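Engineer: Please find my_file-v4.txt (compact mmCIF, C-alpha atoms and all ligand atoms) on the next line:
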# COMPACT_ATOMS: atom_id res chain seq x y z
CA MET X 1 114.68 90.37 105.65
CA THR X 2 115.07 93.58 103.71
CA VAL X 3 112.60 94.73 101.11
CA SER X 4 115.06 95.69 98.37
CA GLU X 5 114.91 98.83 96.26
CA GLU X 6 114.24 96.48 93.35
CA LEU X 7 111.18 95.03 95.08
CA LEU X 8 109.87 98.55 95.74
CA ARG X 9 109.70 99.03 91.98
CA ALA X 10 108.68 95.49 91.03
CA PRO X 11 105.19 94.22 90.23
CA VAL X 12 104.17 92.21 93.29
CA LEU X 13 101.13 90.19 94.32
CA ALA X 14 100.70 90.32 98.11
CA PRO X 15 98.07 87.84 99.30
CA SER X 16 96.20 89.12 102.37
CA ILE X 17 95.71 86.37 104.94
CA LEU X 18 92.56 88.06 106.24
CA SER X 19 90.38 85.71 104.17
CA ALA X 20 92.46 82.61 104.92
CA ASP X 21 91.25 79.76 107.13
CA PHE X 22 92.83 80.79 110.43
CA ALA X 23 92.68 77.22 111.72
CA ARG X 24 95.08 76.30 108.90
CA LEU X 25 97.02 79.52 108.63
CA GLY X 26 100.42 77.93 108.19
CA GLU X 27 99.22 75.71 105.35
CA GLU X 28 97.36 78.57 103.68
CA ILE X 29 100.55 80.63 103.69
CA ASP X 30 102.61 77.71 102.40
CA ALA X 31 100.17 77.44 99.49
CA VAL X 32 100.72 81.01 98.33
CA LEU X 33 104.46 80.77 98.92
CA ALA X 34 104.45 77.71 96.65
CA ALA X 35 102.89 79.95 93.98
CA GLY X 36 106.02 82.11 94.21
CA VAL X 37 104.65 85.21 95.90
CA GLU X 38 107.29 87.65 97.13
CA MET X 39 105.19 89.25 99.85
CA VAL X 40 102.49 88.32 102.36
CA HIS X 41 100.08 91.03 103.56
CA VAL X 42 98.99 90.94 107.20
CA ASP X 43 96.01 93.05 108.27
CA VAL X 44 96.13 94.29 111.83
CA MET X 45 92.88 95.75 113.22
CA ASP X 46 92.28 97.11 116.69
CA GLY X 47 88.48 97.42 116.88
CA HIS X 48 88.91 101.17 117.27
CA PHE X 49 90.31 102.65 114.07
CA VAL X 50 88.23 100.06 112.22
CA PRO X 51 85.18 98.11 113.42
CA ASN X 52 86.96 94.76 113.49
CA ILE X 53 89.69 92.94 115.40
CA THR X 54 92.26 90.61 113.86
CA ILE X 55 95.75 89.56 114.87
CA GLY X 56 98.90 91.08 116.28
CA PRO X 57 102.62 90.51 116.84
CA PRO X 58 102.49 87.03 118.50
CA VAL X 59 100.70 85.48 115.53
CA LEU X 60 103.03 87.26 113.13
CA ALA X 61 106.06 85.98 115.04
CA SER X 62 104.79 82.41 114.63
CA LEU X 63 104.30 82.85 110.89
CA ALA X 64 107.44 84.84 110.11
CA PRO X 65 110.00 82.00 109.85
CA ARG X 66 108.13 80.10 107.15
CA ILE X 67 107.57 83.28 105.12
CA HIS X 68 111.19 84.37 105.40
CA ASP X 69 112.53 80.87 104.74
CA ALA X 70 110.68 81.00 101.42
CA GLY X 71 112.39 84.31 100.61
CA ALA X 72 109.21 86.37 100.93
CA ALA X 73 108.64 89.58 102.86
CA ILE X 74 105.99 90.45 105.45
CA ASP X 75 103.92 93.54 104.84
CA ALA X 76 101.99 94.56 107.97
CA HIS X 77 99.06 96.93 107.43
CA LEU X 78 98.26 98.61 110.72
CA MET X 79 94.62 99.68 110.86
CA VAL X 80 94.98 100.88 114.42
CA SER X 81 94.46 104.21 116.15
CA ARG X 82 97.85 104.38 117.83
CA PRO X 83 100.38 102.63 115.62
CA ASP X 84 103.40 104.14 117.38
CA GLN X 85 102.75 101.93 120.39
CA TYR X 86 103.25 98.76 118.38
CA LEU X 87 106.08 99.49 115.93
CA GLU X 88 108.82 97.89 117.99
CA ALA X 89 106.73 94.77 118.61
CA PHE X 90 106.11 94.35 114.89
CA ALA X 91 109.78 94.79 114.11
CA GLN X 92 110.65 92.10 116.65
CA ALA X 93 107.92 89.82 115.31
CA GLY X 94 109.51 89.92 111.85
CA ALA X 95 107.63 92.54 109.85
CA ASP X 96 109.68 93.82 106.90
CA ALA X 97 107.34 96.63 105.87
CA VAL X 98 104.80 98.44 108.02
CA SER X 99 102.13 100.86 106.87
CA VAL X 100 100.28 103.30 109.10
CA HIS X 101 97.20 105.31 108.22
CA VAL X 102 97.47 109.02 107.49
CA GLU X 103 94.10 109.33 109.26
CA ALA X 104 95.58 107.86 112.47
CA CYS X 105 98.89 109.70 112.73
CA ALA X 106 99.25 113.23 114.04
CA HIS X 107 103.02 113.16 113.56
CA LEU X 108 103.52 111.16 110.43
CA HIS X 109 107.12 112.15 109.82
CA ARG X 110 108.10 110.87 113.24
CA THR X 111 106.18 107.62 112.81
CA LEU X 112 107.60 106.88 109.35
CA THR X 113 111.12 107.71 110.52
CA ARG X 114 110.71 105.40 113.49
CA ILE X 115 109.61 102.54 111.22
CA ARG X 116 112.73 103.02 109.12
CA ASP X 117 114.96 103.31 112.18
CA LEU X 118 113.63 99.91 113.27
CA GLY X 119 114.93 98.49 109.99
CA MET X 120 111.62 98.20 108.15
CA ARG X 121 110.19 99.83 105.05
CA ALA X 122 107.76 102.60 105.93
CA GLY X 123 104.36 102.85 104.29
CA VAL X 124 101.61 105.42 104.54
CA ALA X 125 98.06 104.18 104.02
CA ILE X 126 95.14 106.33 102.88
CA ASN X 127 91.39 105.69 102.98
CA PRO X 128 89.09 105.97 99.95
CA ALA X 129 87.49 109.28 100.96
CA THR X 130 90.69 110.92 102.14
CA SER X 131 92.12 113.43 99.68
CA LEU X 132 95.57 112.74 98.28
CA ALA X 133 96.43 116.21 99.54
CA ALA X 134 96.47 114.66 103.04
CA LEU X 135 99.61 112.76 102.05
CA GLY X 136 101.32 116.07 101.59
CA GLU X 137 105.05 115.76 102.14
CA ALA X 138 104.74 112.25 103.58
CA VAL X 139 105.68 110.63 100.26
CA LEU X 140 109.16 112.05 100.77
CA PHE X 141 109.57 110.08 104.00
CA ALA X 142 107.87 106.84 102.92
CA ASP X 143 108.96 103.79 100.94
CA TYR X 144 105.42 102.98 99.81
CA VAL X 145 101.91 104.34 99.78
CA LEU X 146 99.04 101.94 100.45
CA MET X 147 95.93 103.25 98.73
CA MET X 148 92.74 101.69 100.03
CA SER X 149 90.23 100.87 97.31
CA VAL X 150 87.61 99.77 99.87
CA ASN X 151 86.92 101.03 103.37
CA PRO X 152 89.30 99.27 105.74
CA GLY X 153 87.97 96.69 108.15
CA PHE X 154 86.78 93.71 106.16
CA GLY X 155 87.83 91.38 103.38
CA GLY X 156 85.72 90.52 100.35
CA GLN X 157 84.35 94.00 99.59
CA THR X 158 83.84 95.46 96.13
CA PHE X 159 86.55 97.64 94.55
CA ILE X 160 85.46 101.29 94.51
CA PRO X 161 85.62 102.21 90.78
CA GLU X 162 86.73 105.82 91.38
CA SER X 163 89.94 104.38 92.83
CA LEU X 164 91.41 103.89 89.36
CA ASP X 165 91.64 107.60 88.68
CA LYS X 166 92.98 108.19 92.19
CA ILE X 167 95.76 105.65 91.50
CA ARG X 168 96.77 107.59 88.38
CA ARG X 169 96.86 110.89 90.25
CA LEU X 170 98.74 109.37 93.15
CA ARG X 171 101.36 107.76 90.94
CA ALA X 172 101.95 111.10 89.24
CA MET X 173 102.66 112.84 92.55
CA MET X 174 104.96 110.15 93.99
CA PRO X 175 108.74 109.93 93.60
CA PRO X 176 109.59 107.02 91.24
CA ARG X 177 111.30 104.96 93.96
CA VAL X 178 108.18 104.83 96.15
CA ALA X 179 105.95 101.78 95.66
CA LEU X 180 102.22 102.17 95.13
CA GLU X 181 100.21 99.45 96.85
CA VAL X 182 96.49 99.03 96.22
CA ASP X 183 94.37 97.17 98.75
CA GLY X 184 90.73 96.12 98.58
CA GLY X 185 88.52 94.34 96.11
CA VAL X 186 91.33 93.31 93.78
CA ASP X 187 90.36 90.32 91.65
CA ARG X 188 91.04 88.64 88.31
CA GLU X 189 88.73 91.02 86.48
CA ASN X 190 90.29 94.30 87.60
CA ILE X 191 93.89 93.50 88.55
CA VAL X 192 95.42 94.33 85.17
CA ARG X 193 93.60 97.68 84.99
CA ILE X 194 94.76 98.53 88.51
CA ARG X 195 98.32 97.67 87.55
CA GLU X 196 98.09 99.69 84.35
CA ALA X 197 96.77 102.69 86.30
CA GLY X 198 100.11 102.76 88.12
CA ALA X 199 99.95 100.39 91.10
CA ASN X 200 102.78 97.90 91.48
CA TRP X 201 102.01 96.14 94.78
CA LEU X 202 98.60 94.46 94.53
CA VAL X 203 96.96 93.07 97.65
CA ALA X 204 94.35 90.34 97.22
CA GLY X 205 92.58 88.55 100.05
CA PHE X 206 89.25 87.08 99.05
CA ALA X 207 90.38 86.50 95.47
CA VAL X 208 93.17 84.25 96.77
CA PHE X 209 91.68 82.58 99.86
CA GLY X 210 87.95 83.00 99.32
CA GLY X 211 87.40 79.77 97.44
CA GLY X 212 89.17 77.18 95.35
CA ASN X 213 92.82 76.33 95.67
CA ALA X 214 94.83 79.22 97.14
CA GLN X 215 98.02 78.21 95.33
CA VAL X 216 96.25 78.20 91.99
CA GLN X 217 94.43 81.48 92.66
CA ALA X 218 97.64 83.18 93.78
CA GLY X 219 99.49 81.81 90.76
CA VAL X 220 96.93 83.16 88.31
CA LEU X 221 96.80 86.61 89.94
CA ARG X 222 100.58 86.78 90.23
CA GLY X 223 100.89 85.94 86.56
CA LEU X 224 98.47 88.74 85.65
CA VAL X 225 100.43 91.22 87.78
CA THR X 226 103.88 90.34 86.55
CA GLU X 227 103.00 89.93 82.88
CA SER X 228 101.05 93.16 82.44
CA ARG X 229 102.86 96.36 81.46
C1 LIG X 301 90.79 95.49 104.36
C2 LIG X 301 92.20 95.00 104.35
C3 LIG X 301 92.55 94.31 103.10
C4 LIG X 301 91.73 93.10 102.81
C5 LIG X 301 91.70 92.93 101.34
O1 LIG X 301 90.58 96.28 105.47
O2 LIG X 301 93.11 96.05 104.53
O3 LIG X 301 93.93 93.98 103.07
O4 LIG X 301 92.21 91.93 103.41
O5 LIG X 301 90.84 91.89 101.09
P1 LIG X 301 90.05 91.76 99.73
O6 LIG X 301 91.09 91.49 98.69
O7 LIG X 301 89.19 90.58 100.02
O8 LIG X 301 89.31 93.03 99.50
ZN ZN X 302 95.28 95.50 104.10
Turn the structure described in the file into structure tokens.
Ligand code: DX5
Ligand code: ZN
Structural biologist:
Amino acid sequence: MTVSEELLRAPVLAPSILSADFARLGEEIDAVLAAGVEMVHVDVMDGHFVPNITIGPPVLASLAPRIHDAGAAIDAHLMVSRPDQYLEAFAQAGADAVSVHVEACAHLHRTLTRIRDLGMRAGVAINPATSLAALGEAVLFADYVLMMSVNPGFGGQTFIPESLDKIRRLRAMMPPRVALEVDGGVDRENIVRIREAGANWLVAGFAVFGGGNAQVQAGVLRGLVTESR
């Protein structure tokens, strides 16, 4: 499915399945879809760009029909050293938006253009200690920027407080049509401040799947995201 221009500008809660119970992945996703989420965030790690390994296209292909049938989009966050190798596989598996790290791409314009040519929205992801200057002209060729507010690799980490000011500066340098996604340590306590700083796509993993009922947690967080501002 297509991530519409409207969704690029909309306030969105994107639950990250990284903290879900992988033995019950389908049910965990159904729970957040029942809460009305418009996007599901899938973290792909290769054990090279980040010190962890997760899932890839075959798992995504199994999950895609239920996500799309519910009218939600799939946002794949590639924390891999050579994303170009996998773009076609993710498109075929059903990804609707794919982000690649500025730290991993030597030819970002080519990579972002390829993602778009495959019919997906193109995102550029940036680590906490990477200067916004590294994004350079890339915001002109991207549909969204994914700003990491923890170091990539693991769920359940603490939001880096300096990220709030970075969100403000990033929003100011981005064209209005480009979505600003924040990923890492988002919870009930900080989600409204993150939104007010200028982020409109909010990823939450542990806060949704880390305990309690995932549908309820997603519903509360989604309410905070959509009602603020
Ligand atoms: C971290 C991932 C995040 C992670 C967020 O490397 O990119 O998407 O799942 O999880 P929380 O919300 O638990 O920080
Ligand atoms: Zn992520």
Engineer: Please identify all polymer residues lying at most 12 Å from the point (101.2, 98.2, 120.9) (file coordinates), using only C-alpha atoms, and present the result as a CSV table (one decimal) with C-alpha atoms, in the frame of the given file.
Structural biologist:
chain,number,residue,atom,x,y,z
X,44,VAL,CA,96.1,94.3,111.8
X,45,MET,CA,92.9,95.8,113.2
X,46,ASP,CA,92.3,97.1,116.7
X,55,ILE,CA,95.8,89.6,114.9
X,56,GLY,CA,98.9,91.1,116.3
X,57,PRO,CA,102.6,90.5,116.8
X,58,PRO,CA,102.5,87.0,118.5
X,78,LEU,CA,98.3,98.6,110.7
X,80,VAL,CA,95.0,100.9,114.4
X,81,SER,CA,94.5,104.2,116.2
X,82,ARG,CA,97.8,104.4,117.8
X,83,PRO,CA,100.4,102.6,115.6
X,84,ASP,CA,103.4,104.1,117.4
X,85,GLN,CA,102.8,101.9,120.4
X,86,TYR,CA,103.2,98.8,118.4
X,87,LEU,CA,106.1,99.5,115.9
X,88,GLU,CA,108.8,97.9,118.0
X,89,ALA,CA,106.7,94.8,118.6
X,90,PHE,CA,106.1,94.4,114.9
X,91,ALA,CA,109.8,94.8,114.1
Engineer: Please provide as a ChimeraX atom specification all residues within 9 Å of X:Met79, with the sequence filter that same-chain residues fewer than 4 positions apart are discarded (counting all atoms listed in the file).
Structural biologist: /X:43-50,83,99-101,104,125,152-153
Engineer: Neighbours of ligand LIG 301 (chain X) at 9 Å or closer, counting only C-alpha atoms and all ligand atoms: which residues, as a CSV table (one decimal) with C-alpha atoms, in the frame of the given file?
Structural biologist:
chain,number,residue,atom,x,y,z
X,15,PRO,CA,98.1,87.8,99.3
X,16,SER,CA,96.2,89.1,102.4
X,17,ILE,CA,95.7,86.4,104.9
X,18,LEU,CA,92.6,88.1,106.2
X,19,SER,CA,90.4,85.7,104.2
X,41,HIS,CA,100.1,91.0,103.6
X,42,VAL,CA,99.0,90.9,107.2
X,43,ASP,CA,96.0,93.0,108.3
X,44,VAL,CA,96.1,94.3,111.8
X,45,MET,CA,92.9,95.8,113.2
X,50,VAL,CA,88.2,100.1,112.2
X,52,ASN,CA,87.0,94.8,113.5
X,77,HIS,CA,99.1,96.9,107.4
X,78,LEU,CA,98.3,98.6,110.7
X,79,MET,CA,94.6,99.7,110.9
X,148,MET,CA,92.7,101.7,100.0
X,149,SER,CA,90.2,100.9,97.3
X,150,VAL,CA,87.6,99.8,99.9
X,151,ASN,CA,86.9,101.0,103.4
X,152,PRO,CA,89.3,99.3,105.7
X,153,GLY,CA,88.0,96.7,108.2
X,154,PHE,CA,86.8,93.7,106.2
X,155,GLY,CA,87.8,91.4,103.4
X,156,GLY,CA,85.7,90.5,100.4
X,157,GLN,CA,84.4,94.0,99.6
X,158,THR,CA,83.8,95.5,96.1
X,159,PHE,CA,86.6,97.6,94.6
X,182,VAL,CA,96.5,99.0,96.2
X,183,ASP,CA,94.4,97.2,98.8
X,184,GLY,CA,90.7,96.1,98.6
X,185,GLY,CA,88.5,94.3,96.1
X,186,VAL,CA,91.3,93.3,93.8
X,187,ASP,CA,90.4,90.3,91.6
X,203,VAL,CA,97.0,93.1,97.6
X,204,ALA,CA,94.4,90.3,97.2
X,205,GLY,CA,92.6,88.6,100.0
X,206,PHE,CA,89.2,87.1,99.0
X,207,ALA,CA,90.4,86.5,95.5
X,208,VAL,CA,93.2,84.2,96.8
X,209,PHE,CA,91.7,82.6,99.9
X,210,GLY,CA,88.0,83.0,99.3
Engineer: Can you tell me, as a list in words, what residues are no more than 9 Å from X:Leu8 when counting all atoms listed in the file, ignoring any on the same chain fewer than 6 positions away?
Structural biologist: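 Returned residues: Asp143, Tyr144, Arg177, Val178, Ala179, Leu180, Asn200 and Trp201 of chain X.
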Engineer: If you measure from atom CA of X:Ile160 to atom CA of X:Glu189, what distance in Å do you get, rounded to one decimal?
Structural biologist: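 Going from atom CA of X:Ile160 over to atom CA of X:Glu189 covers 13.4 Å.
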Engineer: With the cut-off set at 6 Å and counting only C-alpha atoms, tabulate each residue of stretch 53-85 of chain X with an atom at most that distance from an atom of stretch 35-40 of chain X, showing the nearest atom pair and its distance in Å to one decimal, ordered by chain and increasing number, as a tab-separated table.
Structural biologist:
residue	atom	partner	partner_atom	distance
X:Ala72	CA	X:Glu38	CA	4.4
X:Ala73	CA	X:Met39	CA	4.6
X:Ile74	CA	X:Val40	CA	5.1
X:Asp75	CA	X:Val40	CA	6.0
Engineer: Could you save those same residues with C-alpha atoms as a PDB file, in the coordinates of the input?
Structural biologist:
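Generated output (selection37.pdb):
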ATOM      1  CA  ALA X  72     109.210  86.370 100.930  1.00  0.00           C
ATOM      2  CA  ALA X  73     108.640  89.580 102.860  1.00  0.00           C
ATOM      3  CA  ILE X  74     105.990  90.450 105.450  1.00  0.00           C
ATOM      4  CA  ASP X  75     103.920  93.540 104.840  1.00  0.00           C
TER       5      ASP X  75
END
Engineer: Using only C-alpha atoms, which residues sit within 8 Å of stretch 110-119 of chain X once same-chain residues fewer than 2 positions away are excluded, as a PyMOL selection string?
Structural biologist: chain X and resi 2+84+87-88+91+96+98+105+107-108+121-124+141-142
Engineer: For those residues, write C-alpha atoms to a file as a PDB file, keeping the file's coordinate frame.
Structural biologist:
ATOM      1  CA  THR X   2     115.070  93.580 103.710  1.00  0.00           C
ATOM      2  CA  ASP X  84     103.400 104.140 117.380  1.00  0.00           C
ATOM      3  CA  LEU X  87     106.080  99.490 115.930  1.00  0.00           C
ATOM      4  CA  GLU X  88     108.820  97.890 117.990  1.00  0.00           C
ATOM      5  CA  ALA X  91     109.780  94.790 114.110  1.00  0.00           C
ATOM      6  CA  ASP X  96     109.680  93.820 106.900  1.00  0.00           C
ATOM      7  CA  VAL X  98     104.800  98.440 108.020  1.00  0.00           C
ATOM      8  CA  CYS X 105      98.890 109.700 112.730  1.00  0.00           C
ATOM      9  CA  HIS X 107     103.020 113.160 113.560  1.00  0.00           C
ATOM     10  CA  LEU X 108     103.520 111.160 110.430  1.00  0.00           C
ATOM     11  CA  ARG X 121     110.190  99.830 105.050  1.00  0.00           C
ATOM     12  CA  ALA X 122     107.760 102.600 105.930  1.00  0.00           C
ATOM     13  CA  GLY X 123     104.360 102.850 104.290  1.00  0.00           C
ATOM     14  CA  VAL X 124     101.610 105.420 104.540  1.00  0.00           C
ATOM     15  CA  PHE X 141     109.570 110.080 104.000  1.00  0.00           C
ATOM     16  CA  ALA X 142     107.870 106.840 102.920  1.00  0.00           C
TER      17      ALA X 142
END
Engineer: What separation in Å, quoted to one decimal, exists between atom CA of X:Ala93 and atom CA of X:Met1?
Structural biologist: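 Straight-line distance from atom CA of X:Ala93 to atom CA of X:Met1 works out to 11.8 Å.
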Engineer: Name the residues in contact with X:Ile191 at a cut-off of 9 Å, using all atoms listed in the file, excluding same-chain residues fewer than 2 positions from it; report them as an mmCIF file with C-alpha atoms, in the frame of the given file.
Structural biologist:
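Everything below was put into selection-v4.cif:
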data_model
loop_
_atom_site.group_PDB
_atom_site.id
_atom_site.type_symbol
_atom_site.label_atom_id
_atom_site.label_comp_id
_atom_site.auth_asym_id
_atom_site.auth_seq_id
_atom_site.Cartn_x
_atom_site.Cartn_y
_atom_site.Cartn_z
ATOM 1 C CA VAL X 186 91.330 93.310 93.780
ATOM 2 C CA ASP X 187 90.360 90.320 91.650
ATOM 3 C CA ARG X 188 91.040 88.640 88.310
ATOM 4 C CA GLU X 189 88.730 91.020 86.480
ATOM 5 C CA ARG X 193 93.600 97.680 84.990
ATOM 6 C CA ILE X 194 94.760 98.530 88.510
ATOM 7 C CA ARG X 195 98.320 97.670 87.550
ATOM 8 C CA GLU X 196 98.090 99.690 84.350
ATOM 9 C CA LEU X 202 98.600 94.460 94.530
ATOM 10 C CA LEU X 221 96.800 86.610 89.940
ATOM 11 C CA LEU X 224 98.470 88.740 85.650
ATOM 12 C CA VAL X 225 100.430 91.220 87.780
#
Engineer: Please identify all polymer residues lying at most 7 Å from the point (101.9, 104.2, 89.2) (file coordinates), using all atoms listed in the file, and present the result as a PyMOL selection string.
Structural biologist: chain X and resi 167-168+171-172+180+197-200
Engineer: Between atom CA of X:Ala70 and atom CA of X:Ala95, measure the distance and give it in Å to one decimal.
Structural biologist: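 So the answer is 14.6 Å.
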Engineer: Restricting the calculation to only C-alpha atoms and all ligand atoms: of X:Ala218, X:Leu7, X:Val145, X:Glu227, which residue gets closest to ligand ZN 302 (chain X)?
Structural biologist: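 Closest to ligand ZN 302 (chain X), using only C-alpha atoms and all ligand atoms: X:Val145.
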Engineer: Go ahead and fit an axis-aligned box to every listed atom of stretch 166-182 of chain X plus 8 Å each side, and pass me the centre and edge lengths in Å, one decimal, as JSON.
Structural biologist:
{"center_x": 102.1, "center_y": 105.9, "center_z": 92.6, "size_x": 34.3, "size_y": 29.8, "size_z": 24.5}
Engineer: Which residue is closest to ligand ZN 302 (chain X)? Choose from X:Glu181, X:Val59, X:Arg24, X:Ala34 and count only C-alpha atoms and all ligand atoms.
Structural biologist: X:Glu181
Engineer: Could you check which of X:Pro176, X:Gly94, X:Gly26, X:Pro65 is closest to X:Arg9, using only C-alpha atoms?
Structural biologist: X:Pro176
Engineer: Given all atoms listed in the file as the basis, pick out the residue of X:Ala23, X:Val3, X:Leu140, X:Met147 nearest to ligand ZN 302 (chain X).
Structural biologist: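 Checking each of X:Ala23, X:Val3, X:Leu140, X:Met147 against ligand ZN 302 (chain X), counting all atoms listed in the file, the winner is X:Met147.
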